[in-house]
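Participant: Following this message is one structure expressed as structure tokens.
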Amino acid sequence: MDMPKKNTSNIPENKGGGLQKSYYEDTQNSSKIDIIDLENDFLKLNRKSVNPFPVDVFPKKLQEIIFEASDKYQFSLDYLGAGMLSAASTAIGISHKVEVKNGWKEKANLFTVIVGRPGDSKSHALNFCFKPLHIKENQFFLEYENQLLEYEKSLNDITENKNKLEKPILKKFLISDFTPEALILVHSNNKRSLCIYVDELKGWLSNFNRYNNSGEAETYLSFWTGTQVTTDRASGKSLRLEDPFIGVIGSTQIAVLKEFAKGGRSSNGFIDRLLFVYPETQKTLKWNINKIDNIHLENYYTIISNLIELDNNKDDKSVLIPIEKKAKLHLFDWQNNRPENYLFDYERSIDIKLQQYVIRFALILQLIHHVVDDKPKKQIELFAIKGGIQLFEYFYHNAIRVRHEITKKNYLDTLTELQKDILEDLPNTFSTREGINKACKIINGKPRISERQFKTYLNDQKLFKRLSRGKYEKRL
């Protein structure tokens, strides 16, 4: 299968700031049917997943890139949509923030977890989405090498005042292997943004508390909220980030999900701040020789590059964007009408933590539409808030599913063998009578259990969900 290789520049650089004309734009000036609308309609009608990634929150030109990459490389639309959302977040950094109200400013950083089976091309899909940032980092490295040569040359020149020479620093958008001290040092060299980008997030989790016992999960909670961070170095010099912007993205296998809840990360709210990308259906990838048209690759490079260049001369000062009045009313009305009672405590925690992401999503969507469709960026508009809510619903559904996955085995282990046997015999959905027939079947001339015992068993809300009167669904 012809896939983009890691750390190779398969996306050609578009020198200009504008996007190239594509097939989609041809349909706008003719009698042709809009192919992007057809793609979205087809997905809504034919996708087996009850929770598809809402690709239509993006501008149509970016949707076209996503559909093309999914078609040619067979990458999951969920992986591509979430990956591009994270790449855009990294490109924006602290250049822009949402001013929700006086004293409440929201950044665009995301903590994203790509979930799948071995062989689902999680890493390849992420590499495609972050390729423009890899290209930018290659440019940074070439500049750094040239500056370093000049610096070393100046050191050898005895006529220069060596005390006034400043050693060049390497700017980075992405970091994968680091100590907590190195993370802050690298971020201090590029205050705009830094994204922890790793193939397997299990390794990232394993490093928690590896270097100290201060509780690294709490440090990442600070990174998530964007509050100032200080670290004391062994050399005696302290580093301080007044306005950090740190995102996280990487992949994990389904069997590893339980690691995310260990070490208190389930109770301190850490896991509920993670955006899980967990497609319900995945195709088995087939090798092919298909390639994406260069127009799509160049346009994607241009979109991310233009986000990087937004207000890039502000000396790391953020542009504050208020929420338009109608959009704010819509957002507050949505939040004020969220459920107040939940079956499980973790449902409430997930809901509350992910609500804040709606504002972050809206900022990213507003700026993407700005660089693609020339939408204004003076305010966060209603379309961006509605798109943020769509993304909330997608990630909330996945978070609940992950929680079920994490607690499934541990809770099943507490059941008796008889309880497990009955649970296995029951279909996914069943009526009370159907359940009684299965659970109370005759074995050796006697009912396995009584009807009363079965009805008591049905009251276990971790195992069964009551759909309607006399109708139930298995949760595990």
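In the structure tokens, the first chain shown is A, the next is B, and so on; residue numbers restart at 1 for each chain, and ligands run from 1 in the order shown.
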Considering only C-alpha atoms, tabulate each residue of range 36-103 of chain A that lies at most 12 Å from range 302-325 of chain A along with its nearest interatomic pair and the corresponding distance in Å to one decimal; arrange the rows by chain and ascending residue number and present them as CSV.

Facilitator:
```
residue,atom,partner,partner_atom,distance
A:Phe58,CA,A:Ile303,CA,11.9
A:Pro59,CA,A:Ile303,CA,10.9
A:Lys61,CA,A:Ile303,CA,9.8
A:Leu62,CA,A:Ile303,CA,8.5
A:Ile65,CA,A:Ile303,CA,11.0
A:Met84,CA,A:Ile304,CA,9.0
A:Leu85,CA,A:Ile304,CA,10.4
A:Ser86,CA,A:Ile304,CA,10.8
A:Ala87,CA,A:Ile304,CA,7.5
A:Ala88,CA,A:Ile304,CA,6.2
A:Ser89,CA,A:Leu307,CA,9.0
A:Thr90,CA,A:Ile308,CA,8.5
A:Ala91,CA,A:Ile308,CA,4.8
A:Ile92,CA,A:Leu307,CA,5.7
A:Gly93,CA,A:Ile308,CA,8.2
A:Ile94,CA,A:Ser318,CA,5.7
A:Ser95,CA,A:Ser318,CA,4.6
A:His96,CA,A:Val319,CA,4.6
A:Lys97,CA,A:Leu320,CA,5.1
A:Val98,CA,A:Ile321,CA,4.8
A:Glu99,CA,A:Pro322,CA,4.8
A:Val100,CA,A:Pro322,CA,6.1
A:Lys101,CA,A:Pro322,CA,7.7
A:Asn102,CA,A:Pro322,CA,9.9
A:Gly103,CA,A:Leu320,CA,11.6
```

Participant: Include N, CA and C atoms and write out the residues we just selected as a PDB file, in the first residue's frame.

Facilitator:
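Ended up saving to again34.pdb:
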```pdb
ATOM      1  N   PHE A  58     -15.893  21.177   9.022  1.00  0.00           N
ATOM      2  CA  PHE A  58     -14.762  21.810   8.341  1.00  0.00           C
ATOM      3  C   PHE A  58     -15.218  22.484   7.048  1.00  0.00           C
ATOM      4  N   PRO A  59     -14.415  23.432   6.546  1.00  0.00           N
ATOM      5  CA  PRO A  59     -14.703  23.991   5.216  1.00  0.00           C
ATOM      6  C   PRO A  59     -14.664  22.887   4.165  1.00  0.00           C
ATOM      7  N   LYS A  61     -13.257  22.622   1.339  1.00  0.00           N
ATOM      8  CA  LYS A  61     -11.949  22.308   0.753  1.00  0.00           C
ATOM      9  C   LYS A  61     -11.173  21.346   1.659  1.00  0.00           C
ATOM     10  N   LEU A  62     -11.286  21.511   2.965  1.00  0.00           N
ATOM     11  CA  LEU A  62     -10.620  20.590   3.881  1.00  0.00           C
ATOM     12  C   LEU A  62     -11.353  19.247   3.912  1.00  0.00           C
ATOM     13  N   ILE A  65     -10.050  17.176   1.123  1.00  0.00           N
ATOM     14  CA  ILE A  65      -8.756  16.560   1.432  1.00  0.00           C
ATOM     15  C   ILE A  65      -8.961  15.319   2.284  1.00  0.00           C
ATOM     16  N   MET A  84      -6.343  16.262  11.883  1.00  0.00           N
ATOM     17  CA  MET A  84      -6.246  17.602  11.302  1.00  0.00           C
ATOM     18  C   MET A  84      -6.699  18.665  12.293  1.00  0.00           C
ATOM     19  N   LEU A  85      -7.676  18.339  13.131  1.00  0.00           N
ATOM     20  CA  LEU A  85      -8.103  19.277  14.167  1.00  0.00           C
ATOM     21  C   LEU A  85      -6.948  19.554  15.125  1.00  0.00           C
ATOM     22  N   SER A  86      -6.198  18.504  15.494  1.00  0.00           N
ATOM     23  CA  SER A  86      -5.060  18.661  16.400  1.00  0.00           C
ATOM     24  C   SER A  86      -3.911  19.400  15.732  1.00  0.00           C
ATOM     25  N   ALA A  87      -3.655  19.103  14.454  1.00  0.00           N
ATOM     26  CA  ALA A  87      -2.589  19.799  13.731  1.00  0.00           C
ATOM     27  C   ALA A  87      -2.903  21.294  13.630  1.00  0.00           C
ATOM     28  N   ALA A  88      -4.163  21.625  13.357  1.00  0.00           N
ATOM     29  CA  ALA A  88      -4.576  23.027  13.289  1.00  0.00           C
ATOM     30  C   ALA A  88      -4.417  23.695  14.649  1.00  0.00           C
ATOM     31  N   SER A  89      -4.772  22.970  15.712  1.00  0.00           N
ATOM     32  CA  SER A  89      -4.605  23.495  17.065  1.00  0.00           C
ATOM     33  C   SER A  89      -3.151  23.859  17.338  1.00  0.00           C
ATOM     34  N   THR A  90      -2.233  22.962  16.952  1.00  0.00           N
ATOM     35  CA  THR A  90      -0.806  23.204  17.171  1.00  0.00           C
ATOM     36  C   THR A  90      -0.328  24.399  16.361  1.00  0.00           C
ATOM     37  N   ALA A  91      -0.810  24.522  15.131  1.00  0.00           N
ATOM     38  CA  ALA A  91      -0.412  25.641  14.281  1.00  0.00           C
ATOM     39  C   ALA A  91      -0.891  26.979  14.852  1.00  0.00           C
ATOM     40  N   ILE A  92      -2.069  26.989  15.447  1.00  0.00           N
ATOM     41  CA  ILE A  92      -2.628  28.228  16.018  1.00  0.00           C
ATOM     42  C   ILE A  92      -1.895  28.625  17.295  1.00  0.00           C
ATOM     43  N   GLY A  93      -1.670  27.663  18.195  1.00  0.00           N
ATOM     44  CA  GLY A  93      -0.969  27.958  19.446  1.00  0.00           C
ATOM     45  C   GLY A  93      -1.632  29.070  20.231  1.00  0.00           C
ATOM     46  N   ILE A  94      -0.801  29.896  20.846  1.00  0.00           N
ATOM     47  CA  ILE A  94      -1.347  31.001  21.653  1.00  0.00           C
ATOM     48  C   ILE A  94      -1.565  32.273  20.837  1.00  0.00           C
ATOM     49  N   SER A  95      -1.463  32.148  19.504  1.00  0.00           N
ATOM     50  CA  SER A  95      -1.648  33.350  18.680  1.00  0.00           C
ATOM     51  C   SER A  95      -3.039  33.938  18.862  1.00  0.00           C
ATOM     52  N   HIS A  96      -4.022  33.081  19.145  1.00  0.00           N
ATOM     53  CA  HIS A  96      -5.397  33.545  19.336  1.00  0.00           C
ATOM     54  C   HIS A  96      -6.024  32.818  20.519  1.00  0.00           C
ATOM     55  N   LYS A  97      -6.854  33.530  21.235  1.00  0.00           N
ATOM     56  CA  LYS A  97      -7.631  32.954  22.335  1.00  0.00           C
ATOM     57  C   LYS A  97      -9.061  33.476  22.241  1.00  0.00           C
ATOM     58  N   VAL A  98      -9.976  32.707  22.827  1.00  0.00           N
ATOM     59  CA  VAL A  98     -11.360  33.169  22.921  1.00  0.00           C
ATOM     60  C   VAL A  98     -11.537  33.910  24.235  1.00  0.00           C
ATOM     61  N   GLU A  99     -12.064  35.112  24.160  1.00  0.00           N
ATOM     62  CA  GLU A  99     -12.414  35.851  25.375  1.00  0.00           C
ATOM     63  C   GLU A  99     -13.897  35.602  25.630  1.00  0.00           C
ATOM     64  N   VAL A 100     -14.168  34.585  26.444  1.00  0.00           N
ATOM     65  CA  VAL A 100     -15.554  34.196  26.703  1.00  0.00           C
ATOM     66  C   VAL A 100     -16.267  35.306  27.465  1.00  0.00           C
ATOM     67  N   LYS A 101     -15.628  35.777  28.508  1.00  0.00           N
ATOM     68  CA  LYS A 101     -16.089  36.948  29.248  1.00  0.00           C
ATOM     69  C   LYS A 101     -14.900  37.488  30.017  1.00  0.00           C
ATOM     70  N   ASN A 102     -15.074  38.580  30.724  1.00  0.00           N
ATOM     71  CA  ASN A 102     -13.959  39.213  31.420  1.00  0.00           C
ATOM     72  C   ASN A 102     -13.302  38.228  32.392  1.00  0.00           C
ATOM     73  N   GLY A 103     -12.018  37.962  32.181  1.00  0.00           N
ATOM     74  CA  GLY A 103     -11.280  37.063  33.051  1.00  0.00           C
ATOM     75  C   GLY A 103     -11.292  35.612  32.610  1.00  0.00           C
TER      76      GLY A 103
END
```

Participant: Would you mind writing down, as a ChimeraX atom specification, each residue of range 83-143 of chain A that DSSP on the backbone assigns to alpha helix (DSSP H)?

Facilitator: /A:83-92,122-143

Participant: Write out as a PyMOL selection string all residues of range 124-340 of chain A that backbone DSSP assigns to strand (DSSP E or B).

Facilitator: chain A and resi 174-175+194-200+229-232+238-241+246-253+275-277+319-323

Participant: Give one line per residue of range 182-241 of chain A that approaches range 251-268 of chain A to at most 7 Å, naming the two atoms of the closest pair and their distance in Å to one decimal, counting only C-alpha atoms; sort by chain then ascending residue number and deliver it as JSON lines.

Facilitator:
```
{"residue": "A:Asp199", "atom": "CA", "partner": "A:Ser251", "partner_atom": "CA", "distance": 5.6}
{"residue": "A:Glu200", "atom": "CA", "partner": "A:Ser251", "partner_atom": "CA", "distance": 5.1}
{"residue": "A:Leu201", "atom": "CA", "partner": "A:Ser251", "partner_atom": "CA", "distance": 5.7}
{"residue": "A:Lys202", "atom": "CA", "partner": "A:Thr252", "partner_atom": "CA", "distance": 6.7}
```

Participant: Measuring atom to atom with only C-alpha atoms, identify which of A:Leu463, A:Ile422, A:Leu285, A:Leu476 is nearest to Ile449 in chain A.

Facilitator: A:Ile422

Participant: As a short mmCIF file (atom, residue, chain, number, x, y, z; two decimals) with C-alpha atoms, in the first residue's frame, please: the residues near range 382-388 of chain A (cut-off 7 Å, only C-alpha atoms, same-chain neighbours under 2 positions excluded).

Facilitator:
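Saved to out.cif:
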```cif
data_model
loop_
_atom_site.label_atom_id
_atom_site.label_comp_id
_atom_site.auth_asym_id
_atom_site.auth_seq_id
_atom_site.Cartn_x
_atom_site.Cartn_y
_atom_site.Cartn_z
CA VAL A 57 -17.77 21.06 10.58
CA LYS A 326 -26.09 35.25 19.12
CA ALA A 327 -23.39 32.58 19.28
CA LEU A 331 -23.57 28.31 23.73
CA VAL A 358 -16.60 23.37 22.86
CA ILE A 359 -15.00 26.82 23.08
CA PHE A 361 -13.16 23.66 19.02
CA ALA A 362 -15.06 26.80 18.04
CA LEU A 365 -13.04 26.06 13.40
CA GLN A 366 -13.39 29.85 13.13
CA ILE A 380 -16.46 33.55 17.15
CA GLN A 390 -21.10 18.64 17.24
CA LEU A 391 -17.51 17.75 18.12
CA PHE A 392 -18.43 17.65 21.82
#
```

Participant: Find the distance between CA of Ile400 in chain A and CA of Ile350 in chain A and write it in Å to one decimal.

Facilitator: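 Computing it gives 7.8 Å between the two atoms.
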